[in-house]
Amino acid sequence: MNKLAELIEAMSRYESGVPSRVGHFLKVYGYAKTIGELEGLPSDIQAVLEAAAIVHDIGIKPSVEKYGSSAGKHQEQEGPPAARDLLEQLGFEAALIERVCFLVGHHHTYAGVDGLDYQILLEADFLVNMLEEAMTVPAIQSAYDNVFKSETGRRLCRHQYLPAPINASPQ
Ligand SMILES: [Fe+2]
């Protein structure tokens with residue numbers, strides 16, 4: 001059985017009653033998987049990226065419960081232990097768990113990106129948040145200029161959010 005499918009169901013149960021967060025991570029997972037495949041990631045890094053995309057926001061729930069806030073710094077603190085519990089229960093490999101926990105703990109940190117899994121997770125999360133948070137075009141342009149590095153992520157961002165101006169036509 002595909003362990004990522006099991007992880008998706010486990011996260012869906014973890015986020016019980018909050019379908020918006022399930023929808024969010026599924027969209028981030030879809031973008032991350034697509035970008036990783038089109039960028040030709042090695043299979044072990046692709047597996048880390050996909051698992052990280054599924055659990056990247058796992059820290060929101062404990063942050064809200066403990067602090068009444070889902071601020072990024074709380075999420076980055078609360079997320080890794082929650083991710084570790086879930087991944088260990090499902091029997092993921094130790095090396096994957098370590099890297100996924102690192103990524104969960106840094107997915108609001110845009111400096112010090114040390115790998116394509118990290119880079120693509122940031123891009124996939126932005127591609128979803130641009131729509132979900134109704135980011136303005138200047139904010140999207142700024143993210144595009146400052147965060148997006150992969151050619152695939154940049155194409156997806158341009159096509160969806162930064163289309164070339166269309167000449168006014170009589171129609
Ligand atoms: Fe997210």
# chains A, B, ... in the order shown; residues from 1 in each chain; ligands from 1
call {"tool": "select_by_dssp", "arguments": {"residues": "stretch 76-142 of chain A", "states": "alpha helix (DSSP H)", "output": "PyMOL selection string"}}
result
chain A and resi 76-89+94-104+116-132+137-142
call {"tool": "residues_around", "arguments": {"residues": "A:Glu123", "least_positions_apart": "4", "cutoff": "12 Å", "atoms": "only C-alpha atoms", "output": "ChimeraX atom specification"}}
result
/A:27-36,49,53,107-108,110,113,116-119,127-130,140,143-157
call {"tool": "residues_near_ligand", "arguments": {"ligand": "ligand 1", "cutoff": "7 Å", "atoms": "only C-alpha atoms and all ligand atoms", "output": "ChimeraX atom specification"}}
result
/A:24-25,28,56-57,125
call {"tool": "closest_atom_pairs", "arguments": {"of": "stretch 10-54 of chain A", "to": "stretch 77-89 of chain A", "cutoff": "9 Å", "atoms": "only C-alpha atoms", "output": "Markdown table"}}
result
| residue | atom | partner | partner_atom | distance |
| --- | --- | --- | --- | --- |
| A:Ala10 | CA | A:Leu86 | CA | 7.6 |
| A:Met11 | CA | A:Leu86 | CA | 8.3 |
| A:Ala51 | CA | A:Leu87 | CA | 8.9 |
| A:Ala52 | CA | A:Ala83 | CA | 8.9 |
call {"tool": "write_last_selection", "arguments": {"atoms": "N, CA, C and O atoms", "output": "tab-separated table (two decimals), in the first residue's frame"}}
result
chain	number	residue	atom	x	y	z
A	10	ALA	N	-4.40	9.69	7.64
A	10	ALA	CA	-4.08	10.00	9.04
A	10	ALA	C	-4.17	11.51	9.29
A	10	ALA	O	-4.67	11.95	10.34
A	11	MET	N	-3.70	12.31	8.34
A	11	MET	CA	-3.79	13.77	8.51
A	11	MET	C	-5.24	14.24	8.44
A	11	MET	O	-5.63	15.19	9.11
A	51	ALA	N	5.81	13.79	1.51
A	51	ALA	CA	5.39	13.59	2.90
A	51	ALA	C	5.38	14.92	3.65
A	51	ALA	O	4.45	15.21	4.42
A	52	ALA	N	6.38	15.75	3.40
A	52	ALA	CA	6.44	17.06	4.07
A	52	ALA	C	5.26	17.93	3.66
A	52	ALA	O	4.69	18.65	4.50
call {"tool": "closest_residue", "arguments": {"among": "A:Lys3, A:Val22, A:Leu162, A:Ile8", "to": "A:Ala139", "atoms": "only C-alpha atoms"}}
result
A:Leu162
call {"tool": "closest_residue", "arguments": {"among": "A:Pro42, A:Glu93, A:Val55, A:Ala111", "to": "A:Tyr14", "atoms": "only C-alpha atoms"}}
result
A:Val55
call {"tool": "closest_residue", "arguments": {"among": "A:Ala124, A:Ile60, A:Leu7, A:Ile54", "to": "A:Glu76", "atoms": "only C-alpha atoms"}}
result
A:Ile60
